Structure formats: C-alpha cells, structure tokens
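Shown next: start-v1.txt, given as compact mmCIF, C-alpha atoms and all ligand atoms.
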# COMPACT_ATOMS: atom_id res chain seq x y z
CA MET A 1 -7.38 25.04 -132.00
CA SER A 2 -6.74 25.04 -128.28
CA ARG A 3 -3.98 26.86 -126.43
CA ILE A 4 -0.73 24.97 -125.89
CA ASN A 5 0.77 26.05 -122.58
CA VAL A 6 4.47 26.06 -121.81
CA MET A 7 3.94 23.76 -118.80
CA GLN A 8 1.16 21.81 -117.13
CA PRO A 9 1.51 19.81 -113.93
CA TRP A 10 0.58 16.12 -114.10
CA LEU A 11 -1.90 15.59 -111.29
CA GLY A 12 -4.76 13.10 -110.98
CA ALA A 13 -6.93 10.82 -108.90
CA GLU A 14 -4.06 9.53 -106.75
CA GLU A 15 -3.13 13.01 -105.57
CA ILE A 16 -6.79 13.74 -104.82
CA ALA A 17 -7.07 10.52 -102.78
CA ALA A 18 -3.87 11.33 -100.89
CA VAL A 19 -5.13 14.79 -99.92
CA THR A 20 -8.51 13.33 -98.89
CA ASP A 21 -6.72 10.89 -96.57
CA VAL A 22 -4.82 13.73 -94.92
CA ILE A 23 -7.98 15.72 -94.32
CA SER A 24 -9.74 12.65 -92.90
CA SER A 25 -6.80 12.04 -90.57
CA GLY A 26 -7.41 15.34 -88.79
CA TRP A 27 -3.73 16.40 -88.99
CA ILE A 28 -3.06 18.74 -91.90
CA ALA A 29 -0.04 20.81 -90.79
CA GLN A 30 3.56 19.54 -90.75
CA GLY A 31 3.42 16.00 -89.41
CA PRO A 32 3.84 12.35 -90.40
CA ARG A 33 3.40 12.91 -94.17
CA VAL A 34 6.11 15.55 -94.20
CA ALA A 35 8.43 13.13 -92.39
CA ALA A 36 7.57 10.36 -94.88
CA PHE A 37 8.10 12.69 -97.85
CA GLU A 38 11.51 13.71 -96.49
CA GLU A 39 12.51 10.08 -96.13
CA ALA A 40 11.30 9.16 -99.63
CA PHE A 41 12.95 12.22 -101.15
CA ALA A 42 16.31 11.53 -99.48
CA ALA A 43 16.20 7.95 -100.75
CA SER A 44 15.30 8.93 -104.32
CA GLN A 45 17.98 11.65 -104.49
CA GLN A 46 20.66 9.60 -102.68
CA ALA A 47 20.92 12.29 -100.00
CA ASP A 48 21.84 11.71 -96.35
CA HIS A 49 19.31 14.17 -94.90
CA ALA A 50 16.26 15.93 -96.30
CA VAL A 51 14.38 18.81 -94.65
CA ALA A 52 11.07 19.89 -96.20
CA VAL A 53 10.22 23.59 -96.29
CA SER A 54 7.62 25.90 -97.81
CA SER A 55 9.52 26.77 -101.02
CA CYS A 56 12.90 26.57 -102.70
CA THR A 57 13.37 30.23 -101.86
CA ALA A 58 13.05 29.31 -98.17
CA ALA A 59 15.39 26.36 -98.76
CA LEU A 60 18.04 28.65 -100.27
CA HIS A 61 17.71 31.10 -97.37
CA LEU A 62 18.13 28.36 -94.74
CA ALA A 63 20.91 26.64 -96.72
CA LEU A 64 22.97 29.83 -96.73
CA LEU A 65 22.28 30.38 -93.00
CA VAL A 66 23.28 26.86 -91.91
CA ALA A 67 26.33 27.03 -94.19
CA GLY A 68 27.47 29.99 -92.07
CA VAL A 69 26.83 32.96 -94.37
CA GLU A 70 26.67 36.18 -92.35
CA THR A 71 25.74 39.82 -92.86
CA GLY A 72 28.43 41.56 -94.90
CA ASP A 73 29.58 38.40 -96.70
CA ASP A 74 29.65 38.00 -100.46
CA VAL A 75 27.77 35.13 -102.08
CA VAL A 76 28.56 34.37 -105.72
CA VAL A 77 25.44 33.53 -107.75
CA PRO A 78 24.55 33.42 -111.43
CA SER A 79 22.56 36.44 -112.61
CA PHE A 80 21.11 34.12 -115.28
CA SER A 81 18.53 32.45 -112.99
CA PHE A 82 15.12 32.97 -111.48
CA VAL A 83 15.41 35.99 -109.17
CA ALA A 84 15.07 33.85 -106.01
CA THR A 85 18.70 32.72 -106.44
CA ALA A 86 19.94 36.30 -106.10
CA ASN A 87 17.38 37.24 -103.43
CA ALA A 88 18.44 34.57 -100.93
CA PRO A 89 21.80 36.13 -99.88
CA THR A 90 20.14 39.53 -99.39
CA TYR A 91 17.80 38.07 -96.73
CA ILE A 92 20.92 37.64 -94.57
CA GLY A 93 22.37 41.04 -95.47
CA ALA A 94 24.95 39.36 -97.70
CA ARG A 95 25.77 40.74 -101.14
CA PRO A 96 25.05 38.74 -104.30
CA VAL A 97 28.09 38.85 -106.62
CA PHE A 98 27.14 37.81 -110.12
CA ALA A 99 29.10 35.19 -112.06
CA ASP A 100 28.70 34.68 -115.79
CA ILE A 101 27.71 31.39 -117.43
CA ASP A 102 28.79 29.02 -120.15
CA PRO A 103 26.63 29.97 -123.16
CA LEU A 104 26.24 26.31 -124.17
CA THR A 105 24.79 25.00 -120.90
CA GLY A 106 23.48 28.19 -119.26
CA ASN A 107 25.35 27.23 -116.09
CA VAL A 108 28.16 28.73 -114.04
CA THR A 109 31.55 26.99 -114.41
CA GLY A 110 34.71 26.66 -112.34
CA GLU A 111 36.15 29.45 -114.47
CA THR A 112 33.26 31.94 -114.16
CA ILE A 113 33.00 31.29 -110.42
CA ARG A 114 36.74 31.75 -109.90
CA SER A 115 36.69 35.15 -111.55
CA ALA A 116 33.78 36.32 -109.36
CA LEU A 117 35.30 35.32 -105.99
CA THR A 118 36.19 38.11 -103.57
CA GLY A 119 38.00 38.15 -100.24
CA ARG A 120 34.60 38.15 -98.52
CA THR A 121 33.02 35.24 -100.41
CA SER A 122 31.69 32.67 -97.95
CA ALA A 123 29.40 30.75 -100.31
CA VAL A 124 28.60 30.11 -103.96
CA VAL A 125 25.21 29.13 -105.37
CA ALA A 126 25.52 26.84 -108.40
CA VAL A 127 22.25 26.41 -110.32
CA ASP A 128 21.25 23.45 -112.49
CA GLN A 129 19.57 25.89 -114.85
CA GLY A 130 16.44 24.63 -116.54
CA GLY A 131 17.37 21.12 -115.39
CA VAL A 132 20.80 21.00 -117.07
CA PRO A 133 23.20 19.59 -114.46
CA VAL A 134 25.93 22.02 -113.41
CA ASP A 135 29.50 20.64 -113.36
CA LEU A 136 29.59 20.66 -109.57
CA ALA A 137 32.93 18.87 -109.14
CA GLU A 138 34.70 21.52 -111.21
CA ILE A 139 33.22 24.26 -109.03
CA ARG A 140 33.95 22.46 -105.78
CA ALA A 141 37.55 21.99 -106.93
CA VAL A 142 37.80 25.80 -106.94
CA CYS A 143 35.81 26.46 -103.73
CA ASP A 144 36.55 23.58 -101.34
CA PRO A 145 40.26 24.43 -100.85
CA LEU A 146 39.23 28.02 -100.00
CA GLY A 147 36.62 26.92 -97.44
CA ILE A 148 33.82 28.37 -99.57
CA VAL A 149 30.56 26.40 -99.34
CA VAL A 150 28.88 25.49 -102.64
CA VAL A 151 25.08 25.42 -102.38
CA GLU A 152 23.46 23.64 -105.31
CA ASP A 153 20.24 25.33 -106.43
CA ALA A 154 18.57 22.24 -107.85
CA ALA A 155 15.13 23.89 -108.02
CA CYS A 156 14.65 22.79 -111.64
CA ALA A 157 16.66 19.59 -111.61
CA ILE A 158 14.84 16.75 -109.89
CA GLY A 159 15.32 13.73 -112.17
CA SER A 160 18.43 15.10 -113.87
CA THR A 161 21.67 13.16 -113.41
CA TYR A 162 25.28 14.14 -112.83
CA ARG A 163 28.08 11.64 -113.39
CA GLY A 164 25.64 8.74 -113.20
CA GLN A 165 23.94 9.84 -109.96
CA PRO A 166 20.90 12.01 -109.23
CA VAL A 167 21.91 15.70 -109.24
CA GLY A 168 22.59 16.96 -105.74
CA ALA A 169 24.00 13.64 -104.56
CA ASP A 170 27.50 15.14 -104.47
CA ALA A 171 26.45 18.47 -102.95
CA GLU A 172 27.21 19.44 -99.35
CA ILE A 173 23.81 21.12 -99.44
CA ALA A 174 21.17 21.52 -102.14
CA ALA A 175 17.80 23.30 -102.48
CA TRP A 176 14.78 21.97 -104.41
CA SER A 177 11.45 23.38 -105.59
CA PHE A 178 7.98 21.84 -105.87
CA HIS A 179 6.37 24.81 -107.60
CA PRO A 180 4.06 23.68 -110.47
CA ARG A 181 6.50 25.12 -113.01
CA LYS A 182 9.00 22.46 -111.88
CA ILE A 183 8.79 18.68 -112.46
CA VAL A 184 7.45 17.34 -109.15
CA THR A 185 4.91 19.62 -107.54
CA THR A 186 3.17 20.09 -104.19
CA GLY A 187 1.51 23.39 -105.19
CA GLU A 188 4.22 25.30 -103.35
CA GLY A 189 7.05 23.61 -101.50
CA GLY A 190 10.76 23.06 -101.21
CA MET A 191 13.40 20.76 -99.78
CA ILE A 192 16.92 21.00 -98.42
CA THR A 193 19.19 17.98 -98.81
CA THR A 194 22.56 17.85 -97.11
CA SER A 195 25.34 15.45 -96.18
CA ARG A 196 25.87 17.29 -92.88
CA PRO A 197 23.76 16.12 -89.93
CA LEU A 198 24.29 19.33 -87.94
CA TRP A 199 23.19 21.53 -90.86
CA ALA A 200 20.08 19.37 -91.30
CA ALA A 201 19.26 19.60 -87.59
CA ARG A 202 19.62 23.38 -87.54
CA ALA A 203 17.55 23.81 -90.73
CA ARG A 204 14.87 21.62 -89.13
CA ARG A 205 14.71 23.98 -86.15
CA LEU A 206 14.97 27.20 -88.17
CA ARG A 207 12.00 26.26 -90.38
CA GLU A 208 9.85 25.98 -87.26
CA HIS A 209 10.63 29.16 -85.29
CA SER A 210 13.75 27.45 -83.85
CA MET A 211 11.56 25.57 -81.37
CA SER A 212 13.45 22.93 -79.41
CA VAL A 213 10.31 20.71 -79.45
CA SER A 214 8.44 20.40 -82.75
CA ALA A 215 4.69 21.03 -82.98
CA ALA A 216 4.19 17.39 -84.00
CA GLU A 217 6.05 16.19 -80.90
CA ARG A 218 4.10 18.51 -78.63
CA HIS A 219 0.83 17.34 -80.09
CA GLY A 220 1.84 13.73 -79.59
CA SER A 221 1.89 14.05 -75.78
CA VAL A 222 -0.98 14.95 -73.44
CA LEU A 223 1.30 17.07 -71.30
CA ALA A 224 3.51 18.81 -73.85
CA PRO A 225 7.13 19.26 -72.77
CA PRO A 226 8.21 22.92 -72.39
CA GLU A 227 9.89 24.28 -75.51
CA GLU A 228 12.73 26.73 -75.91
CA TYR A 229 13.45 29.10 -78.80
CA THR A 230 17.17 28.79 -79.39
CA GLU A 231 17.58 31.53 -82.04
CA VAL A 232 15.34 33.67 -84.24
CA GLY A 233 13.69 31.27 -86.66
CA PHE A 234 11.07 31.33 -89.40
CA ASN A 235 7.81 29.69 -90.34
CA TYR A 236 8.98 27.81 -93.42
CA ARG A 237 6.98 24.64 -92.75
CA MET A 238 5.49 22.42 -95.42
CA THR A 239 2.02 21.01 -94.66
CA ASP A 240 1.01 17.35 -94.64
CA LEU A 241 -1.46 18.20 -97.42
CA GLN A 242 1.46 19.21 -99.63
CA ALA A 243 3.68 16.31 -98.57
CA ALA A 244 0.94 13.79 -99.39
CA VAL A 245 0.84 15.15 -102.95
CA GLY A 246 4.63 15.10 -103.05
CA LEU A 247 4.75 11.43 -102.08
CA VAL A 248 2.51 10.53 -105.04
CA GLN A 249 4.38 12.83 -107.41
CA LEU A 250 7.75 11.37 -106.42
CA GLN A 251 6.57 7.93 -107.53
CA LYS A 252 5.76 9.39 -110.93
CA LEU A 253 9.20 10.95 -111.32
CA PRO A 254 10.83 8.25 -113.51
CA GLU A 255 7.84 8.30 -115.86
CA LEU A 256 7.77 12.11 -115.92
CA VAL A 257 11.45 12.34 -116.82
CA GLU A 258 11.26 9.60 -119.42
CA ARG A 259 8.39 11.33 -121.22
CA ARG A 260 10.07 14.75 -121.07
CA ARG A 261 13.24 13.32 -122.54
CA GLN A 262 11.28 11.65 -125.36
CA LEU A 263 9.60 14.93 -126.23
CA ALA A 264 12.94 16.77 -126.03
CA GLU A 265 14.50 14.26 -128.39
CA VAL A 266 11.74 14.82 -130.95
CA TYR A 267 12.20 18.59 -130.71
CA ALA A 268 15.99 18.29 -131.09
CA LYS A 269 15.69 16.03 -134.13
CA GLN A 270 13.03 18.14 -135.84
CA LEU A 271 14.92 21.40 -135.27
CA GLU A 272 18.20 20.02 -136.64
CA ASP A 273 17.50 21.22 -140.18
CA ILE A 274 16.18 24.66 -139.21
CA PRO A 275 19.21 26.97 -139.40
CA GLY A 276 19.48 29.50 -136.59
CA LEU A 277 17.69 27.51 -133.89
CA ARG A 278 19.88 25.84 -131.26
CA PRO A 279 18.13 23.65 -128.69
CA VAL A 280 19.44 23.04 -125.17
CA ALA A 281 21.16 19.64 -124.91
CA ASP A 282 22.64 17.25 -122.37
CA PRO A 283 26.15 18.24 -121.26
CA PRO A 284 28.93 15.61 -121.44
CA TRP A 285 28.72 14.97 -117.66
CA GLY A 286 25.03 14.20 -117.24
CA THR A 287 21.43 14.20 -118.38
CA SER A 288 18.77 16.89 -118.17
CA ASN A 289 15.13 16.47 -117.19
CA PHE A 290 14.49 19.30 -119.70
CA GLN A 291 12.49 21.26 -117.12
CA SER A 292 12.90 24.19 -119.52
CA PHE A 293 13.38 23.20 -123.15
CA TRP A 294 14.95 26.40 -124.49
CA ILE A 295 16.10 27.26 -127.99
CA GLU A 296 18.52 30.01 -128.92
CA VAL A 297 17.33 32.06 -131.89
CA SER A 298 20.02 33.61 -134.08
CA ASP A 299 21.05 34.32 -137.68
CA PRO A 300 20.06 33.04 -140.25
CA TYR A 301 16.67 32.41 -138.63
CA PRO A 302 14.58 35.28 -140.09
CA TRP A 303 13.04 36.37 -136.77
CA ASP A 304 14.53 37.45 -133.50
CA ARG A 305 13.28 36.00 -130.23
CA GLU A 306 10.48 38.56 -129.78
CA GLY A 307 9.31 38.08 -133.37
CA LEU A 308 9.24 34.32 -132.97
CA LEU A 309 7.33 34.56 -129.66
CA ALA A 310 4.69 36.68 -131.40
CA HIS A 311 4.52 34.24 -134.31
CA LEU A 312 3.99 31.31 -131.91
CA ALA A 313 1.35 33.30 -130.02
CA SER A 314 -0.54 33.78 -133.30
CA TYR A 315 -0.76 29.97 -133.44
CA ASP A 316 -2.11 29.95 -129.85
CA ILE A 317 1.20 28.53 -128.62
CA SER A 318 2.36 30.00 -125.34
CA ALA A 319 6.17 29.92 -125.36
CA ARG A 320 8.13 31.98 -122.83
CA ARG A 321 11.09 34.33 -122.90
CA GLY A 322 14.26 32.54 -121.75
CA ILE A 323 15.76 32.67 -118.27
CA MET A 324 15.95 36.19 -116.82
CA THR A 325 19.03 38.02 -115.58
CA SER A 326 18.87 39.46 -112.05
CA HIS A 327 21.53 42.15 -112.51
CA ARG A 328 19.27 43.97 -115.01
CA GLN A 329 16.31 44.03 -112.62
CA PRO A 330 15.70 47.14 -110.49
CA ALA A 331 15.81 45.00 -107.32
CA HIS A 332 19.42 43.99 -107.98
CA ALA A 333 20.82 46.77 -110.16
CA LYS A 334 22.92 48.02 -107.23
CA PHE A 335 24.73 44.68 -107.13
CA ALA A 336 25.62 44.70 -110.85
CA GLY A 337 29.39 44.47 -111.33
CA GLY A 338 31.49 43.49 -114.33
CA PRO A 339 30.11 42.51 -117.73
CA LEU A 340 27.99 39.35 -117.98
CA LEU A 341 28.05 38.97 -121.74
CA ALA A 342 27.04 35.32 -122.02
CA SER A 343 24.22 35.76 -119.49
CA GLU A 344 22.76 38.73 -121.35
CA GLN A 345 23.21 37.11 -124.75
CA LEU A 346 21.48 33.87 -123.76
CA SER A 347 18.74 35.62 -121.80
CA ASP A 348 17.92 37.88 -124.76
CA SER A 349 18.04 35.30 -127.54
CA THR A 350 16.34 32.25 -126.03
CA LEU A 351 12.77 31.16 -125.62
CA ILE A 352 11.25 28.19 -123.80
CA LEU A 353 9.05 25.86 -125.84
CA PRO A 354 5.98 24.04 -124.46
CA LEU A 355 6.92 20.67 -122.96
CA PHE A 356 4.77 18.80 -120.45
CA HIS A 357 3.93 15.23 -119.61
CA GLN A 358 0.51 15.10 -121.28
CA MET A 359 1.69 16.84 -124.45
CA SER A 360 0.38 14.89 -127.45
CA GLU A 361 2.26 14.16 -130.67
CA SER A 362 -0.11 16.44 -132.56
CA GLU A 363 0.43 19.28 -130.10
CA GLN A 364 4.18 18.95 -130.46
CA ALA A 365 3.80 18.79 -134.25
CA ARG A 366 1.87 22.06 -134.12
CA VAL A 367 4.75 23.75 -132.30
CA ILE A 368 7.29 22.38 -134.78
CA ASP A 369 5.16 23.43 -137.76
CA ALA A 370 4.91 26.94 -136.35
CA LEU A 371 8.72 27.12 -135.97
CA ARG A 372 9.11 25.93 -139.57
CA SER A 373 6.52 28.24 -141.06
CA ALA A 374 8.14 31.18 -139.29
CA ALA A 375 11.51 30.10 -140.73
CA GLU A 376 10.07 30.16 -144.23
CA GLU A 377 8.54 33.61 -143.85
CA SER A 378 10.83 36.54 -144.27
CA HIS A 379 10.64 39.86 -142.44
CA GLY A 380 7.60 41.86 -143.44
C1 LIG B 401 11.91 28.22 -109.32
C2 LIG B 401 13.25 28.50 -108.86
C3 LIG B 401 13.51 28.93 -107.54
C4 LIG B 401 12.40 29.26 -106.57
O1 LIG B 401 11.60 28.17 -106.24
P1 LIG B 401 10.30 28.41 -105.35
O2 LIG B 401 9.97 27.02 -104.87
O3 LIG B 401 9.25 28.98 -106.23
O4 LIG B 401 10.66 29.31 -104.22
C5 LIG B 401 14.83 29.10 -107.16
N1 LIG B 401 15.84 28.88 -108.01
C6 LIG B 401 15.64 28.50 -109.29
C7 LIG B 401 16.81 28.25 -110.18
C8 LIG B 401 14.34 28.30 -109.76
O5 LIG B 401 14.14 27.96 -111.03

Hey, can you dump this file as structure tokens for me?
Amino acid sequence: MSRINVMQPWLGAEEIAAVTDVISSGWIAQGPRVAAFEEAFAASQQADHAVAVSSCTAALHLALLVAGVETGDDVVVPSFSFVATANAPTYIGARPVFADIDPLTGNVTGETIRSALTGRTSAVVAVDQGGVPVDLAEIRAVCDPLGIVVVEDAACAIGSTYRGQPVGADAEIAAWSFHPRKIVTTGEGGMITTSRPLWAARARRLREHSMSVSAAERHGSVLAPPEEYTEVGFNYRMTDLQAAVGLVQLQKLPELVERRRQLAEVYAKQLEDIPGLRPVADPPWGTSNFQSFWIEVSDPYPWDREGLLAHLASYDISARRGIMTSHRQPAHAKFAGGPLLASEQLSDSTLILPLFHQMSESEQARVIDALRSAAEESHG
C-alpha cells in the first residue's frame, strides 16, 4: 500500500523541455518568458493587465500598496485563510481586521465584511477559499460606494468561475499563487491582475526595485539608458525559468480542472449516505476548481476531525486539517477582535481529502473505504 498524498503537482516532459530551452537561451531571470506568461495569463483569466511576481504573498503586498493602503489603515481580511492573507497588510503597517465567513462556503460575505468595516478601512481582501468563488459583487456593493478597494485573493482559484466568467475577471485587482499546493504551479510564483493600467504600471516598477528602466530593457541595449529609482521598491521578480513552466501549466488548466471536478463529484456522491460528513460544494453563483476538497465532520459521525485524521493516517492516507484561522496564531493574536464563530467552527471540524490530477480510481476508492470503515467503527 503506498501513501496517498493530499496534493501532487502534475508536471512532465513538456515542463522539462521548456526549462531546458530557457537555460539554452542564456537568459534565465525575468525576461521574455515572463512577459509571455503575463500575456497568456491575462488572456486566460479575462484580465486587462497581468504582472508576474515571486509569490502570491508578494502579489497581495503590492496589490494593497498600489490600491493606496497606508500605514495606520485598517484592512478587513478573513481570519479563515492561509496566514499570508493576514500578513500582507502588516507589511505596510496597516492593521488586519478579521471578518467572519459563511459556514457553507468558507468565504466572507457582504454581511460579514460590512460588520467588520471601521472608519479607517481602506481595503478589503476577499478570498476564494479553497477554490470556492467568493460572491464578489455582493462585497463590492458594500465597499465601492465607500471608496474601499476590494482585493480578490484568488491564490487557490485559478480555473474556478464566477457568474459564468473566470474568477477575478470582475475584480479591480486580484492576486494569484503558483505554489505547488495550488492548481497551476511554477515552483514558487504569483501574479497580479488588474483593470487599472496605472496600478499595473506601478506594480511592475515596485516588483523590480522601482527602477524606471527594467533589467530586460537595459540588457537589450549595448549602451544601457540611465535608470532612476522612483520610490522604495522590492525584488519580487519571477524568473523566466518559472514563467516557462507556467506557460506549459496554463495550457493544462482546462484538463486539470475537469479532472478535479470529476474526482470531486465522485467524492460528493459517495459521501452522500455517510451521515455527519458534509463535503464542500459549488455555490449558486459559480463553480469551484476544488483546490481543497474539504469535508466537515460532525455528529452523528462517530469520530471528530482529529480522530478521523488519525484513522486515515493508519491507512497511509495523508489528509490535512482544514483551513487555519489567523486570529488564533501568536503572530496575529494582537489583532483578534470580536468573535469569529463560523471561522473557528469550520477550521476545527474540517479536513482536506487527497485530490490531485493523477489520482486513480482505486486510490480514491481507498480514501472512501477508509471514511466508511471509520463510520462503522464506534469510539473505542
Ligand atoms: C497559498 C495562499 C497564499 C500564499 O501564496 P504564496 O504563493 O505561497 O505566497 C495566499 N492566500 C491564500 C488564500 C492562499 O491559499
């Protein structure tokens, strides 16, 4: 019996060939492949502008900066998210203010955002948690009239749809991740998409030390033009090695999403008759890529989440605890405010089942059998 992991990237000969080409070309840092990846990404996500960066964490940081967030501002974020969502505002000296979530979707709503707004809120980060599209229009209906920018944290959500379009298509600005735990990977990497040309231009400079002339441009001329550093920037560049992998991965996206949704459908159907297990599902306004296929474990299922995790581990199945909450982490405890009951409840009672492109029918059957056998056992 071999280990079943929670996630495995889908990489092969084409990615290897693409990286080999980049190395042979002699230009491995940010250059023509990054530009091509940005163009392909913008087209596939129906975005006006795309700016590649080194991670989604970097993308969130720059998105908040170009959106005008300043030291002393409040930024409303879900606590129920990977910690990077709550970290980003603190890089600017802004305060993360935690909003609760809808326990069905795991996402913030117009209602939970509204009740977290303060007089100092300049931006909101709305996450498509685990790939489930957030109801962005509902949140923008609350924030737009107040001049509060909504940043979509679409780290998990490439290939998910919202109201018939790719997620992020309706966002003023969105941040994406290419970490191997996500759907499309470049090893590490991120992207900003935005409808605002000036925000894109500033993010493009900020990722590269705020140089007025890019390294690629300087290299392209024998006598490089003098550059100027217009503000304090960062080194958040993606490399051409990463972008070459991204270009191949992006072509696989439809196939990746189709397979994930097939596997999710099998899980959902097979779990229907196991009382006390609730799987994540598509919301009425869109479709998920099921980046994280989570189940909520509750009565009358005979085990709690920790017990079920241990049971799965005894079958060599590596499930994962559900999405974390930032307000209960030491790094963010000082920002904890009012109660976040749904966030804590979902975080404590969910686990993420293995789901990856190459997963075989027999591997999935093994996971389902383990869930069933645990249901039939009673507490020891
Ligand atoms: C993974 C993730 C991030 C961070 O992405 P990196 O590319 O690893 O920096 C941010 N937000 C959410 C919701 C994520 O799941």

Each residue of chain A lying at most 8 Å from ligand LIG 401 (chain B) should get a row with its shortest atom-to-atom pair and the distance in Å to one decimal, counting all atoms listed in the file; could you produce that, ordered by chain and increasing number, as a tab-separated table?
residue	atom	partner	partner_atom	distance
A:Ser54	CA	B:LIG401	O2	7.5
A:Ser55	CA	B:LIG401	O2	3.9
A:Cys56	CA	B:LIG401	O2	3.7
A:Thr57	CA	B:LIG401	O4	3.7
A:Ala58	CA	B:LIG401	O4	6.5
A:Ala59	CA	B:LIG401	O4	7.8
A:Leu60	CA	B:LIG401	C5	7.6
A:Ser81	CA	B:LIG401	C7	5.3
A:Phe82	CA	B:LIG401	C6	5.0
A:Val83	CA	B:LIG401	C5	7.2
A:Ala84	CA	B:LIG401	C5	4.9
A:Thr85	CA	B:LIG401	N1	5.0
A:Val127	CA	B:LIG401	C7	5.7
A:Asp128	CA	B:LIG401	C7	6.9
A:Gln129	CA	B:LIG401	C7	5.9
A:Gly130	CA	B:LIG401	O5	6.8
A:Asp153	CA	B:LIG401	C7	5.9
A:Ala154	CA	B:LIG401	C7	6.7
A:Ala155	CA	B:LIG401	C8	4.8
A:Cys156	CA	B:LIG401	O5	5.2
A:Trp176	CA	B:LIG401	O2	7.0
A:Ser177	CA	B:LIG401	O2	4.0
A:Phe178	CA	B:LIG401	O2	5.6
A:His179	CA	B:LIG401	O2	5.0
A:Arg181	CA	B:LIG401	C1	7.2
A:Lys182	CA	B:LIG401	C1	6.9
A:Glu188	CA	B:LIG401	O2	6.2
A:Gly189	CA	B:LIG401	O2	5.6
A:Gly190	CA	B:LIG401	O2	5.4

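Among the candidates A:Pro275, A:Val53, A:Pro300, A:Ile183, the residue lying nearest to Glu258 of chain A is A:Ile183 (atoms considered: only C-alpha atoms).
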
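With distances restricted to all atoms listed in the file, A:Ala243 is the closest residue to Glu15 of chain A from A:Ala243, A:Val280, A:Ala365, A:Val266.
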
Which residues, written as a ChimeraX atom specification, have at least one atom at most 10 Å from segment 371-376 of chain A, with only C-alpha atoms counted and residues fewer than 4 positions away on the same chain left out? /A:270-271,273-277,300-303,307-309,311-312,365-367

Could you tell me which of A:Pro89, A:Pro133, A:Pro32, A:Gly12 comes closest to Pro283 of chain A if we count all atoms listed in the file?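 Of A:Pro89, A:Pro133, A:Pro32, A:Gly12, the one nearest Pro283 of chain A is A:Pro133, counting all atoms listed in the file.
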
Between atom CA of Thr193 of chain A and atom CA of Gln242 of chain A, what distance in Å does the model show, to one decimal? 17.8 Å

Please, what distance in Å, to one decimal, runs between atom CA of Ile295 of chain A and atom CA of Ala175 of chain A? 25.9 Å

Which residue of A:Leu340, A:Ala13, A:Leu247, A:Ala123 approaches Ala63 of chain A most closely, using all atoms listed in the file: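 Looking only at the distances to Ala63 of chain A, the closest residue turns out to be A:Ala123.
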
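Atom to atom, atom CA of Leu117 of chain A and atom CA of Gly164 of chain A stand 29.2 Å apart.
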
Closest of A:Ala336, A:Ser115, A:Val134, A:Pro279 to Val167 of chain A - atom-to-atom distances counting only C-alpha atoms: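 Among the listed residues, the smallest separation from Val167 of chain A belongs to A:Val134.
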
Using only C-alpha atoms, what does the table of segment 152-234 of chain A residues within 12 Å of segment 43-46 of chain A look like, with each row giving the shortest atom pair and its distance in Å to one decimal, sorted by chain and ascending number, as a Markdown table?
| residue | atom | partner | partner_atom | distance |
| --- | --- | --- | --- | --- |
| A:Ala154 | CA | A:Gln45 | CA | 11.1 |
| A:Ala157 | CA | A:Gln45 | CA | 10.7 |
| A:Ile158 | CA | A:Gln45 | CA | 8.1 |
| A:Gly159 | CA | A:Gln45 | CA | 8.4 |
| A:Ser160 | CA | A:Gln45 | CA | 10.0 |
| A:Thr161 | CA | A:Gln45 | CA | 9.8 |
| A:Tyr162 | CA | A:Gln45 | CA | 11.4 |
| A:Gly164 | CA | A:Gln46 | CA | 11.7 |
| A:Gln165 | CA | A:Gln46 | CA | 8.0 |
| A:Pro166 | CA | A:Gln45 | CA | 5.6 |
| A:Val167 | CA | A:Gln45 | CA | 7.4 |
| A:Gly168 | CA | A:Gln45 | CA | 7.1 |
| A:Ala169 | CA | A:Gln46 | CA | 5.6 |
| A:Asp170 | CA | A:Gln46 | CA | 9.0 |
| A:Ala171 | CA | A:Gln46 | CA | 10.6 |
| A:Ala174 | CA | A:Gln45 | CA | 10.6 |
| A:Ala175 | CA | A:Gln45 | CA | 11.8 |
| A:Trp176 | CA | A:Gln45 | CA | 10.8 |
| A:Met191 | CA | A:Gln45 | CA | 11.2 |
| A:Ile192 | CA | A:Gln45 | CA | 11.2 |
| A:Thr193 | CA | A:Gln45 | CA | 8.6 |
| A:Thr194 | CA | A:Gln46 | CA | 10.1 |
| A:Ser195 | CA | A:Gln46 | CA | 9.9 |

What lies within 9 Å of Arg202 of chain A using all atoms listed in the file, ignoring chain neighbours under 6 positions off, as a list in words?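 Residues near the query, excluding close chain neighbours: Leu62, Val66 and Ser210 of chain A.
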
Given all atoms listed in the file as the basis, pick out the residue of A:Glu217, A:Glu344, A:Asp240, A:Glu111 nearest to Met324 of chain A.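 Of A:Glu217, A:Glu344, A:Asp240, A:Glu111, the one nearest Met324 of chain A is A:Glu344, counting all atoms listed in the file.
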
Quick one: residues within 7 Å of Arg207 of chain A, all atoms listed in the file counted, chain neighbours fewer than 6 positions away excluded, as a compact mmCIF listing (two decimals) with C-alpha atoms, in the frame of the given file?
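around.txt, written as the output of this step:
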# COMPACT_ATOMS: atom_id res chain seq x y z
CA VAL A 53 10.22 23.59 -96.29
CA GLY A 233 13.69 31.27 -86.66
CA PHE A 234 11.07 31.33 -89.40
CA ASN A 235 7.81 29.69 -90.34
CA TYR A 236 8.98 27.81 -93.42
CA ARG A 237 6.98 24.64 -92.75

Compile the contact shell of Val124 of chain A as a list of chain:residue names: residues with an atom at most 7 Å away, counting all atoms listed in the file, same-chain residues fewer than 6 positions apart removed.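 Contacts, with the query itself left out: A:Val75, A:Val76, A:Val77, A:Val149, A:Val150, A:Val151.
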
Keeping only C-alpha atoms, write the selected residues as a PDB file, in the frame of the given file.
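This went into again.pdb:
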ATOM      1  CA  VAL A  75      27.770  35.130-102.080  1.00  0.00           C
ATOM      2  CA  VAL A  76      28.560  34.370-105.720  1.00  0.00           C
ATOM      3  CA  VAL A  77      25.440  33.530-107.750  1.00  0.00           C
ATOM      4  CA  VAL A 149      30.560  26.400 -99.340  1.00  0.00           C
ATOM      5  CA  VAL A 150      28.880  25.490-102.640  1.00  0.00           C
ATOM      6  CA  VAL A 151      25.080  25.420-102.380  1.00  0.00           C
TER       7      VAL A 151
END

Expected answer as a ChimeraX atom specification: all residues with atoms within 10 Å of (30.7, 14.3, -119.6), all atoms listed in the file: /A:135,162-164,282-287

Residue subset to file, keeping C-alpha atoms, as a compact mmCIF listing (two decimals), in the coordinates of the input:
# COMPACT_ATOMS: atom_id res chain seq x y z
CA ASP A 135 29.50 20.64 -113.36
CA TYR A 162 25.28 14.14 -112.83
CA ARG A 163 28.08 11.64 -113.39
CA GLY A 164 25.64 8.74 -113.20
CA ASP A 282 22.64 17.25 -122.37
CA PRO A 283 26.15 18.24 -121.26
CA PRO A 284 28.93 15.61 -121.44
CA TRP A 285 28.72 14.97 -117.66
CA GLY A 286 25.03 14.20 -117.24
CA THR A 287 21.43 14.20 -118.38

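Residues in contact range of His332 of chain A, defined as at most 12 Å between only C-alpha atoms, with sequence neighbours fewer than 6 positions away removed, read Ser79, Val83, Ala84, Thr85, Ala86, Asn87, Ala88, Pro89, Thr90, Arg95, Pro96, Val97, Phe98, Thr325 and Ser326 of chain A.
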